Amino acid sequence: MKQKGHILIVDDDADVLHTARLVLKGHYEQVSTESSPLRLESLLRRESVDIILLDMNFKTGATTGNEGLFWLKKIKAINPHVYVIMNTAYGDIQLAVESMKLGAVDFLVKPWEKEKLLSTVNTVYQLALSNRNVEKLKGRESALTQDIDAGYGQLVSESEPMQTVLAQIDKVAATDASILILGENGTGKELIAREIHRRSQRRDEGLIKVDLGALPESLFEAEMFGHVKGAYTDAKEDRPGRFEIADGGSLFLDEIGNLSITMQSKMLSVLQNRSVTRVGSSKAVAFDVRVISATNQPLYPMVEAGLFRQDLLYRINTVEIELPPLRQRKQDIRLLSLYFLKEYGEKYQKSGLKIEERTHRQLANYTWPGNIRELQHAIERAVIMCDESVIAAEDILPQRKAQQNETRSLRVEDVEKSTVIRAIEKHGGNLSKAADELGMGRTTLYRKMKKYGI
Ligand SMILES: Nc1ncnc2c1ncn2[C@@H]1O[C@H](COP(=O)(O)OP(=O)(O)OP(=O)(O)O)[C@@H](O)[C@H]1O
C-alpha cells in the first residue's frame with residue numbers, strides 16, 4: 001500500500017528527476033518533480049509537501065553548494081515543517097554538516113543506489129509521521145484530561161424507551177454514520193455519545209469533545225481548525241484544531257444547536273470537504289473523523305425559522321437518537337436513585353444508606369426538569385446532608401410548599417437569582433461548573449442569567 005505523503009524532488013538534472021520519481025512513485029501517493037528552484041516558493045504556498053529532495057548545486061558547473069544552502073534556508077522560512085534531504089554529487093562532508101545545521105534532516109550522495117534513496121526517504125517519512133503524531137497527541141492529551149475530569153460513569157437503564165435507544169446504538173455504533181442525539185438537558189446525551197464511541201471501531205483513537213455552546217464566535221476557527229505560528233499575536237506555535245486532533249477517532253459536537261449561522265456555514269463546509277485549513281495557513285489538511293452531535297434545541301423548528309441550516313442538519317443526522325426525558329421513563333428513576341445512592345455512599349463513606357418504598361414512589365412522581373443530572377445532584381446532596389441511614393423524600397426533592405404559592409414564587413425567584421449568582425462567583429465565572437453545581441444545563445443557566453440580568 002502506498003504511503004499518503006507528498007514527496008517533491010528539486011533538481012536541474014532531468015535524469016535524476018526521472019529516476020527518483022520512478023523509485024518513489026510506487027511507494028508514495030504523490031511524487032512531484034521540479035527542475036527550477038525558482039518555482040519552489042509558489043509551490044510550497046499552494047501545496048502541502050512532506051519531504052523535499054533538494055539538489056545542492058543548480059547552475060551547471062557550480063560546485064560550492066551555496067545555491068543549495070540558499071534554497072534550503074528559503075524552504076525552511078516558508079514552511080519549517082517540511083523535511084529536506086540534501087542531494088549532492090560530491091559528498092562534501094563540510095557542506096552536509098552545514099546543511100544539517102540549517103535544518104536539513106539528512107543527505108544523499110549522488111549517484112545514489114535506488115535502495116538507498118528509498119530507505120532514506122522512508123526513514124524521514126516515518127520521522128515526519130511520528131512528529132505529527134506528537135503534535136496530535138499533545139492536543140488530544142489536553143482534551144482528554146478535561147473529559148476525565150468530567151467523570152462519566154456507567155449507563156444505567158431498564159425502561160422500555162431506553163431499551164429502544166440501546167438497540168439503536170447496537171445497530172449504528174460500529175458504522176461510521178453521523179449521529180445526532182436529541183434530548184432535554186441532563187438526559188444523558190453525552191453519556192450515549194461516549195457509549196457509541198466505546199462500541200465503535202474507533203475506540204482506541206479516543207473521542208474528542210467540543211462544547212460549542214461555550215465557544216465564542218471569535219475563537220471558533222482557531223479551536224476547530226487550528227492555527228499556525230504567528231497567525232495571532234499569542235499564537236506562539238502551530239496548534240492543531242479539534243478536527244485534526246480527533247483524526248482517526250470520533251468528534252463529539254455538543255450543543256450544536258447553539259452555533260450562529262456564520263459558524264454553521266464554516267462547520268458545514270469543513271464537514272463536506274472532510275478537510276480543514278488552519279488559521280494563517282492556506283493548505284487544507286484532510287481528516288478522518290466520525291461525527292456525533294448533540295443538542296437540546298428544537299433543530300427542526302429552528303430550520304423552519306431560518307435559525308439552523310437545513311443542509312448542515314442533513315450532514316449530521318444520518319441517524320437520529322432521541323433521548324426521552326426522565327419523567328417519561330419512570331422505571332429508571334428507581335434504578336438510577338439506587339445507583340447514585342451507592343456511588344455517593346461510597347464516595348462520602350456513608351455505607352448502608354436506604355430509600356424507602358414510599359420515597360421511591362414520591363421520586364417517581366416528581367417531574368425532574370433537570371432530568372438525570374438533577375436526580376444525580378439531588379442524591380449527592382442528600383447523601384452529604386443526611387444524619388439517618390434512611391433518606392427521606394424531603395432530603396432529595398426540592399421543597400414543594402414554595403412551589404405552590406404564587407406570592408412565594410416571587411421569593412423563589414429571589415432565592416434562585418442569588419443562588420445562581422453565588423454559584424457563578426464560587427466557580428470564578430466558569431459557567432459550565434456553575435451550571436453543573438446548580439443541576440442545570442448551560443443553556444438553562446444562560447436563560448436564567450438573562451432573566452435576572454446577571
Ligand atoms: N442512563 C444513565 N445512567 C447513569 N448515569 C446517567 C445516565 N444518563 C445520564 N447519566 C448521568 O447524568 C449526568 C448528565 O448526563 P449527560 O451529561 O450525558 O447529559 P446531557 O444530556 O449531555 O446534558 P446537557 O444537555 O446538559 O449537556 C452525567 O453525570 C451522566 O453520567
# chains A, B, ... in the order shown; residues from 1 in each chain; ligands from 1
$ residues_around --residues "Asp170 in chain A" --least-positions-apart "5" --cutoff "12 Å" --atoms "only C-alpha atoms" --output "ChimeraX atom specification"
/A:163-165,175,192,195-200,321
$ residues_near_ligand --ligand "ligand 1" --cutoff "8 Å" --atoms "only C-alpha atoms and all ligand atoms" --output "PyMOL selection string"
chain A and resi 150-157+183-193+254-255+294-296+332+336+339+371-374+376+440-443
$ write_last_selection --atoms "N, CA and C atoms" --output "tab-separated table (two decimals), in the first residue's frame"
chain	number	residue	atom	x	y	z
A	150	ALA	N	-14.48	15.22	33.85
A	150	ALA	CA	-15.94	15.24	33.83
A	150	ALA	C	-16.52	13.95	34.44
A	151	GLY	N	-15.76	12.88	34.48
A	151	GLY	CA	-16.14	11.65	35.16
A	151	GLY	C	-17.44	11.01	34.73
A	152	TYR	N	-17.47	10.42	33.55
A	152	TYR	CA	-18.68	9.76	33.11
A	152	TYR	C	-18.70	8.31	33.54
A	153	GLY	N	-19.82	7.89	34.14
A	153	GLY	CA	-19.88	6.54	34.68
A	153	GLY	C	-20.61	5.58	33.77
A	154	GLN	N	-21.21	4.62	34.42
A	154	GLN	CA	-21.90	3.54	33.73
A	154	GLN	C	-23.26	4.00	33.19
A	155	LEU	N	-23.76	3.30	32.19
A	155	LEU	CA	-25.08	3.64	31.66
A	155	LEU	C	-26.10	2.73	32.34
A	156	VAL	N	-27.00	3.32	33.13
A	156	VAL	CA	-27.97	2.52	33.87
A	156	VAL	C	-29.34	2.73	33.27
A	157	SER	N	-30.03	1.65	32.93
A	157	SER	CA	-31.39	1.82	32.43
A	157	SER	C	-32.08	0.48	32.23
A	183	GLY	N	-32.35	15.63	22.94
A	183	GLY	CA	-32.93	15.38	24.26
A	183	GLY	C	-32.75	16.58	25.16
A	184	GLU	N	-33.60	16.65	26.18
A	184	GLU	CA	-33.54	17.77	27.13
A	184	GLU	C	-32.19	17.75	27.88
A	185	ASN	N	-31.96	18.83	28.60
A	185	ASN	CA	-30.76	18.89	29.44
A	185	ASN	C	-30.70	17.73	30.41
A	186	GLY	N	-29.52	17.16	30.55
A	186	GLY	CA	-29.33	16.15	31.58
A	186	GLY	C	-29.94	14.79	31.29
A	187	THR	N	-30.35	14.54	30.04
A	187	THR	CA	-30.96	13.24	29.73
A	187	THR	C	-29.91	12.17	29.42
A	188	GLY	N	-28.66	12.58	29.34
A	188	GLY	CA	-27.60	11.59	29.13
A	188	GLY	C	-27.06	11.57	27.71
A	189	LYS	N	-27.17	12.71	27.00
A	189	LYS	CA	-26.72	12.74	25.60
A	189	LYS	C	-25.22	12.47	25.50
A	190	GLU	N	-24.46	13.09	26.39
A	190	GLU	CA	-23.01	12.88	26.31
A	190	GLU	C	-22.65	11.44	26.67
A	191	LEU	N	-23.32	10.91	27.65
A	191	LEU	CA	-23.05	9.53	28.06
A	191	LEU	C	-23.31	8.58	26.89
A	192	ILE	N	-24.38	8.83	26.15
A	192	ILE	CA	-24.72	8.00	24.99
A	192	ILE	C	-23.67	8.16	23.89
A	193	ALA	N	-23.22	9.41	23.68
A	193	ALA	CA	-22.19	9.64	22.67
A	193	ALA	C	-20.94	8.83	23.01
A	254	ASP	N	-20.96	18.93	20.96
A	254	ASP	CA	-22.03	19.11	21.93
A	254	ASP	C	-22.66	20.50	21.74
A	255	GLU	N	-23.97	20.59	21.99
A	255	GLU	CA	-24.72	21.85	21.87
A	255	GLU	C	-24.61	22.43	20.46
A	294	ALA	N	-24.88	16.60	19.41
A	294	ALA	CA	-25.98	16.56	20.37
A	294	ALA	C	-26.51	17.97	20.59
A	295	THR	N	-27.78	18.05	20.91
A	295	THR	CA	-28.36	19.35	21.26
A	295	THR	C	-29.67	19.17	22.02
A	296	ASN	N	-30.00	20.19	22.81
A	296	ASN	CA	-31.32	20.17	23.45
A	296	ASN	C	-32.24	21.17	22.74
A	332	ASP	N	-36.82	3.97	35.31
A	332	ASP	CA	-35.39	4.19	35.52
A	332	ASP	C	-35.10	5.00	36.77
A	336	LEU	N	-31.84	4.39	38.92
A	336	LEU	CA	-30.81	5.43	38.96
A	336	LEU	C	-30.60	5.95	40.38
A	339	TYR	N	-28.50	3.52	42.12
A	339	TYR	CA	-27.14	3.56	41.56
A	339	TYR	C	-26.35	4.74	42.13
A	371	ASN	N	-33.78	16.43	34.66
A	371	ASN	CA	-33.55	15.03	34.29
A	371	ASN	C	-32.51	14.32	35.17
A	372	ILE	N	-31.69	13.47	34.54
A	372	ILE	CA	-30.82	12.61	35.36
A	372	ILE	C	-29.78	13.41	36.13
A	373	ARG	N	-29.32	14.51	35.50
A	373	ARG	CA	-28.34	15.32	36.23
A	373	ARG	C	-28.95	15.86	37.53
A	374	GLU	N	-30.21	16.28	37.46
A	374	GLU	CA	-30.88	16.80	38.65
A	374	GLU	C	-31.00	15.71	39.71
A	376	GLN	N	-29.16	13.05	40.01
A	376	GLN	CA	-27.81	12.74	40.50
A	376	GLN	C	-27.35	13.74	41.56
A	440	MET	N	-28.28	22.18	36.39
A	440	MET	CA	-28.97	22.57	35.16
A	440	MET	C	-27.95	22.62	34.04
A	441	GLY	N	-28.46	22.58	32.79
A	441	GLY	CA	-27.56	22.67	31.65
A	441	GLY	C	-27.12	24.11	31.47
A	442	ARG	N	-26.10	24.31	30.66
A	442	ARG	CA	-25.61	25.67	30.45
A	442	ARG	C	-26.66	26.57	29.80
A	443	THR	N	-27.43	25.96	28.86
A	443	THR	CA	-28.43	26.78	28.17
A	443	THR	C	-29.43	27.33	29.17
$ select_by_dssp --residues "range 122-367 of chain A" --states "helix (DSSP H, G or I)" --output "PyMOL selection string"
chain A and resi 122-150+160-172+189-198+203-205+212-214+217-225+242-245+256-258+261-273+299-304+310-316+326-328+330-347+357-365
$ write_last_selection --atoms "C-alpha atoms" --output "compact mmCIF listing (two decimals), in the first residue's frame"
# COMPACT_ATOMS: atom_id res chain seq x y z
CA ASN A 122 11.22 6.11 4.13
CA THR A 123 13.12 6.82 7.34
CA VAL A 124 12.48 10.54 7.07
CA TYR A 125 8.81 9.93 6.32
CA GLN A 126 8.45 7.80 9.46
CA LEU A 127 10.03 10.62 11.44
CA ALA A 128 7.57 13.10 9.93
CA LEU A 129 4.67 10.85 10.85
CA SER A 130 5.77 10.39 14.42
CA ASN A 131 6.34 14.12 14.87
CA ARG A 132 2.89 14.83 13.55
CA ASN A 133 1.53 12.28 15.99
CA VAL A 134 3.27 14.01 18.87
CA GLU A 135 1.53 17.26 17.93
CA LYS A 136 -1.80 15.47 17.69
CA LEU A 137 -1.21 13.68 20.97
CA LYS A 138 -0.44 16.90 22.78
CA GLY A 139 -3.77 18.32 21.69
CA ARG A 140 -5.53 15.08 22.50
CA GLU A 141 -3.99 14.86 25.93
CA SER A 142 -5.38 18.21 27.00
CA ALA A 143 -8.80 17.44 25.50
CA LEU A 144 -8.91 14.08 27.24
CA THR A 145 -7.80 15.42 30.60
CA GLN A 146 -10.81 17.71 30.57
CA ASP A 147 -13.02 14.75 29.81
CA ILE A 148 -11.57 12.56 32.52
CA ASP A 149 -12.32 15.35 34.98
CA ALA A 150 -15.94 15.24 33.83
CA GLU A 160 -38.63 0.40 27.59
CA PRO A 161 -37.86 3.69 25.82
CA MET A 162 -34.21 3.32 26.79
CA GLN A 163 -34.11 -0.27 25.57
CA THR A 164 -35.16 1.07 22.16
CA VAL A 165 -32.32 3.58 22.32
CA LEU A 166 -29.82 0.87 23.27
CA ALA A 167 -30.99 -1.32 20.39
CA GLN A 168 -30.44 1.62 18.05
CA ILE A 169 -26.93 2.08 19.43
CA ASP A 170 -26.21 -1.60 18.83
CA LYS A 171 -27.03 -1.15 15.17
CA VAL A 172 -25.15 2.06 14.48
CA LYS A 189 -26.72 12.74 25.60
CA GLU A 190 -23.01 12.88 26.31
CA LEU A 191 -23.05 9.53 28.06
CA ILE A 192 -24.72 8.00 24.99
CA ALA A 193 -22.19 9.64 22.67
CA ARG A 194 -19.39 8.09 24.73
CA GLU A 195 -21.12 4.72 24.67
CA ILE A 196 -21.43 4.84 20.86
CA HIS A 197 -17.76 5.67 20.56
CA ARG A 198 -16.79 2.95 23.03
CA ARG A 203 -12.50 3.34 20.31
CA ASP A 204 -8.69 3.17 20.52
CA GLU A 205 -8.31 6.59 18.95
CA LEU A 212 -20.00 24.52 21.03
CA GLY A 213 -22.34 26.24 23.47
CA ALA A 214 -19.38 27.73 25.31
CA GLU A 217 -17.51 33.11 17.69
CA SER A 218 -14.10 34.80 17.85
CA LEU A 219 -12.37 31.58 18.95
CA PHE A 220 -14.36 29.19 16.80
CA GLU A 221 -11.98 28.82 13.86
CA ALA A 222 -8.78 28.57 15.88
CA GLU A 223 -10.31 26.00 18.20
CA MET A 224 -11.92 23.87 15.50
CA PHE A 225 -9.46 24.25 12.64
CA ARG A 242 -10.24 19.70 17.20
CA PHE A 243 -10.86 18.09 13.79
CA GLU A 244 -7.18 17.25 13.38
CA ILE A 245 -6.84 16.13 16.99
CA ILE A 256 -24.58 22.09 18.07
CA GLY A 257 -27.91 23.95 18.13
CA ASN A 258 -26.09 26.92 19.69
CA ILE A 261 -25.40 31.00 11.29
CA THR A 262 -21.84 32.05 10.38
CA MET A 263 -20.30 29.24 12.40
CA GLN A 264 -22.84 26.81 10.90
CA SER A 265 -21.62 27.70 7.38
CA LYS A 266 -17.99 27.15 8.34
CA MET A 267 -18.81 23.87 10.03
CA LEU A 268 -20.79 22.68 7.03
CA SER A 269 -18.03 23.37 4.54
CA VAL A 270 -15.46 21.53 6.67
CA LEU A 271 -17.77 18.54 7.08
CA GLN A 272 -18.44 18.48 3.35
CA ASN A 273 -14.81 18.74 2.31
CA LEU A 299 -33.49 21.81 15.41
CA TYR A 300 -36.40 21.16 13.05
CA PRO A 301 -38.45 24.20 14.11
CA MET A 302 -35.18 26.15 14.02
CA VAL A 303 -34.69 25.13 10.39
CA GLU A 304 -38.22 26.33 9.66
CA GLN A 310 -31.05 22.55 6.73
CA ASP A 311 -28.02 21.31 4.77
CA LEU A 312 -25.99 21.16 7.99
CA LEU A 313 -28.79 19.26 9.71
CA TYR A 314 -28.77 16.70 6.89
CA ARG A 315 -24.98 16.35 7.24
CA ILE A 316 -25.16 15.47 10.92
CA LEU A 326 -36.68 11.12 32.81
CA ARG A 327 -40.40 11.74 33.57
CA GLN A 328 -41.20 9.51 30.58
CA LYS A 330 -40.20 6.40 35.46
CA GLN A 331 -38.93 2.84 35.72
CA ASP A 332 -35.39 4.19 35.52
CA ILE A 333 -35.86 6.65 38.39
CA ARG A 334 -35.73 3.89 40.97
CA LEU A 335 -32.74 2.19 39.38
CA LEU A 336 -30.81 5.43 38.96
CA SER A 337 -31.57 6.55 42.53
CA LEU A 338 -30.12 3.32 43.88
CA TYR A 339 -27.14 3.56 41.56
CA PHE A 340 -26.31 7.12 42.66
CA LEU A 341 -27.01 6.27 46.31
CA LYS A 342 -24.41 3.51 46.15
CA GLU A 343 -21.94 5.63 44.25
CA TYR A 344 -22.15 8.63 46.60
CA GLY A 345 -22.46 6.41 49.67
CA GLU A 346 -19.02 5.06 48.78
CA LYS A 347 -17.62 8.44 47.85
CA GLU A 357 -40.60 2.36 49.01
CA ARG A 358 -42.80 5.34 49.82
CA THR A 359 -39.92 7.66 48.93
CA HIS A 360 -39.29 5.82 45.67
CA ARG A 361 -42.90 6.46 44.74
CA GLN A 362 -42.56 10.16 45.53
CA LEU A 363 -39.41 10.39 43.46
CA ALA A 364 -41.19 8.72 40.55
CA ASN A 365 -43.97 11.31 40.69
$ closest_residue --among "A:Ala14, A:Ile355, A:Ile7, A:Leu375" --to "Tyr28 in chain A" --atoms "only C-alpha atoms"
A:Ile7
$ residues_around --residues "Val390 in chain A" --least-positions-apart "4" --cutoff "9 Å" --atoms "only C-alpha atoms" --output "list in words"
Gly352, Leu353, Lys354, Ile355, Glu356 and Cys386 of chain A
$ atom_distance --atom1 "CA of Met86 in chain A" --atom2 "CA of Trp71 in chain A"
10.5 Å
$ residues_around --residues "Asp11 in chain A" --least-positions-apart "6" --cutoff "9 Å" --atoms "only C-alpha atoms" --output "number ranges by chain"
A: 17, 33-37, 53-58, 87
$ residues_around --residues "Glu237 in chain A" --least-positions-apart "2" --cutoff "12 Å" --atoms "only C-alpha atoms" --output "compact mmCIF listing (two decimals) with N, CA and C atoms, in the first residue's frame"
# COMPACT_ATOMS: atom_id res chain seq x y z
N PRO A 80 8.65 25.64 8.06
CA PRO A 80 9.66 24.96 8.88
C PRO A 80 9.37 23.47 9.07
N HIS A 81 8.16 23.03 8.71
CA HIS A 81 7.82 21.63 8.96
C HIS A 81 8.15 20.70 7.80
N GLU A 135 2.33 16.03 17.91
CA GLU A 135 1.53 17.26 17.93
C GLU A 135 0.05 16.92 18.21
N GLY A 226 -7.63 24.93 14.12
CA GLY A 226 -6.23 25.10 14.48
C GLY A 226 -5.65 26.39 13.91
N HIS A 227 -4.38 26.65 14.25
CA HIS A 227 -3.73 27.83 13.67
C HIS A 227 -2.25 27.54 13.49
N VAL A 228 -1.60 28.37 12.67
CA VAL A 228 -0.16 28.23 12.54
C VAL A 228 0.51 29.32 13.36
N LYS A 229 1.77 29.10 13.65
CA LYS A 229 2.52 30.06 14.45
C LYS A 229 2.44 31.44 13.81
N GLY A 230 2.17 32.45 14.62
CA GLY A 230 2.15 33.81 14.09
C GLY A 230 0.81 34.24 13.52
N ALA A 231 -0.17 33.33 13.51
CA ALA A 231 -1.49 33.71 12.96
C ALA A 231 -2.12 34.80 13.82
N TYR A 232 -1.83 34.77 15.13
CA TYR A 232 -2.26 35.83 16.06
C TYR A 232 -1.04 36.23 16.87
N THR A 233 -1.18 37.30 17.61
CA THR A 233 -0.06 37.73 18.44
C THR A 233 0.35 36.64 19.40
N ASP A 234 -0.65 35.98 20.02
CA ASP A 234 -0.25 34.98 21.01
C ASP A 234 -0.24 33.55 20.45
N ALA A 235 -0.24 33.42 19.12
CA ALA A 235 -0.08 32.08 18.53
C ALA A 235 1.42 31.78 18.46
N ARG A 239 -0.70 24.91 16.18
CA ARG A 239 -1.60 24.13 17.03
C ARG A 239 -2.70 23.49 16.18
N PRO A 240 -2.88 22.19 16.32
CA PRO A 240 -3.94 21.56 15.53
C PRO A 240 -5.31 21.87 16.14
N GLY A 280 -4.27 31.13 9.25
CA GLY A 280 -2.94 31.60 8.91
C GLY A 280 -2.25 30.73 7.89
$ closest_residue --among "A:Ile292, A:Ile75, A:Val10, A:Leu24" --to "Glu41 in chain A" --atoms "only C-alpha atoms"
A:Ile75
$ select_by_dssp --residues "range 134-251 of chain A" --states "strand (DSSP E or B)" --output "list in words"
Ile179, Leu180, Ile181, Leu182, Leu207, Ile208, Lys209, Val210, Asp211, Gly226, His227, Arg239, Pro240, Ser250 and Leu251 of chain A
$ decode --residues "range 80-94 of chain A" --atoms "N, CA and C atoms" --output "mmCIF file, in the first residue's frame"
data_model
loop_
_atom_site.group_PDB
_atom_site.id
_atom_site.type_symbol
_atom_site.label_atom_id
_atom_site.label_comp_id
_atom_site.auth_asym_id
_atom_site.auth_seq_id
_atom_site.Cartn_x
_atom_site.Cartn_y
_atom_site.Cartn_z
ATOM 1 N N PRO A 80 8.649 25.643 8.058
ATOM 2 C CA PRO A 80 9.658 24.964 8.882
ATOM 3 C C PRO A 80 9.368 23.473 9.071
ATOM 4 N N HIS A 81 8.161 23.035 8.708
ATOM 5 C CA HIS A 81 7.820 21.630 8.955
ATOM 6 C C HIS A 81 8.151 20.700 7.798
ATOM 7 N N VAL A 82 8.626 21.257 6.686
ATOM 8 C CA VAL A 82 8.993 20.378 5.564
ATOM 9 C C VAL A 82 10.338 19.739 5.891
ATOM 10 N N TYR A 83 10.440 18.443 5.605
ATOM 11 C CA TYR A 83 11.718 17.745 5.828
ATOM 12 C C TYR A 83 12.528 17.814 4.539
ATOM 13 N N VAL A 84 13.771 18.296 4.636
ATOM 14 C CA VAL A 84 14.587 18.450 3.434
ATOM 15 C C VAL A 84 15.769 17.477 3.472
ATOM 16 N N ILE A 85 15.881 16.697 2.402
ATOM 17 C CA ILE A 85 17.045 15.807 2.256
ATOM 18 C C ILE A 85 17.923 16.426 1.175
ATOM 19 N N MET A 86 19.190 16.703 1.495
ATOM 20 C CA MET A 86 20.064 17.345 0.521
ATOM 21 C C MET A 86 20.667 16.272 -0.379
ATOM 22 N N ASN A 87 20.846 16.666 -1.623
ATOM 23 C CA ASN A 87 21.284 15.743 -2.650
ATOM 24 C C ASN A 87 22.569 16.280 -3.251
ATOM 25 N N THR A 88 23.692 15.633 -3.006
ATOM 26 C CA THR A 88 24.933 16.194 -3.533
ATOM 27 C C THR A 88 25.734 15.176 -4.330
ATOM 28 N N ALA A 89 26.383 15.678 -5.348
ATOM 29 C CA ALA A 89 27.170 14.779 -6.189
ATOM 30 C C ALA A 89 28.584 14.641 -5.658
ATOM 31 N N TYR A 90 28.942 15.456 -4.693
ATOM 32 C CA TYR A 90 30.364 15.496 -4.324
ATOM 33 C C TYR A 90 30.684 14.954 -2.942
ATOM 34 N N GLY A 91 29.667 14.663 -2.205
ATOM 35 C CA GLY A 91 29.918 14.072 -0.892
ATOM 36 C C GLY A 91 30.774 14.939 0.003
ATOM 37 N N ASP A 92 30.581 16.237 -0.112
ATOM 38 C CA ASP A 92 31.347 17.151 0.725
ATOM 39 C C ASP A 92 30.779 17.164 2.142
ATOM 40 N N ILE A 93 31.521 16.544 3.040
ATOM 41 C CA ILE A 93 31.029 16.397 4.411
ATOM 42 C C ILE A 93 30.771 17.752 5.054
ATOM 43 N N GLN A 94 31.691 18.690 4.798
ATOM 44 C CA GLN A 94 31.565 20.013 5.376
ATOM 45 C C GLN A 94 30.226 20.648 5.012
#
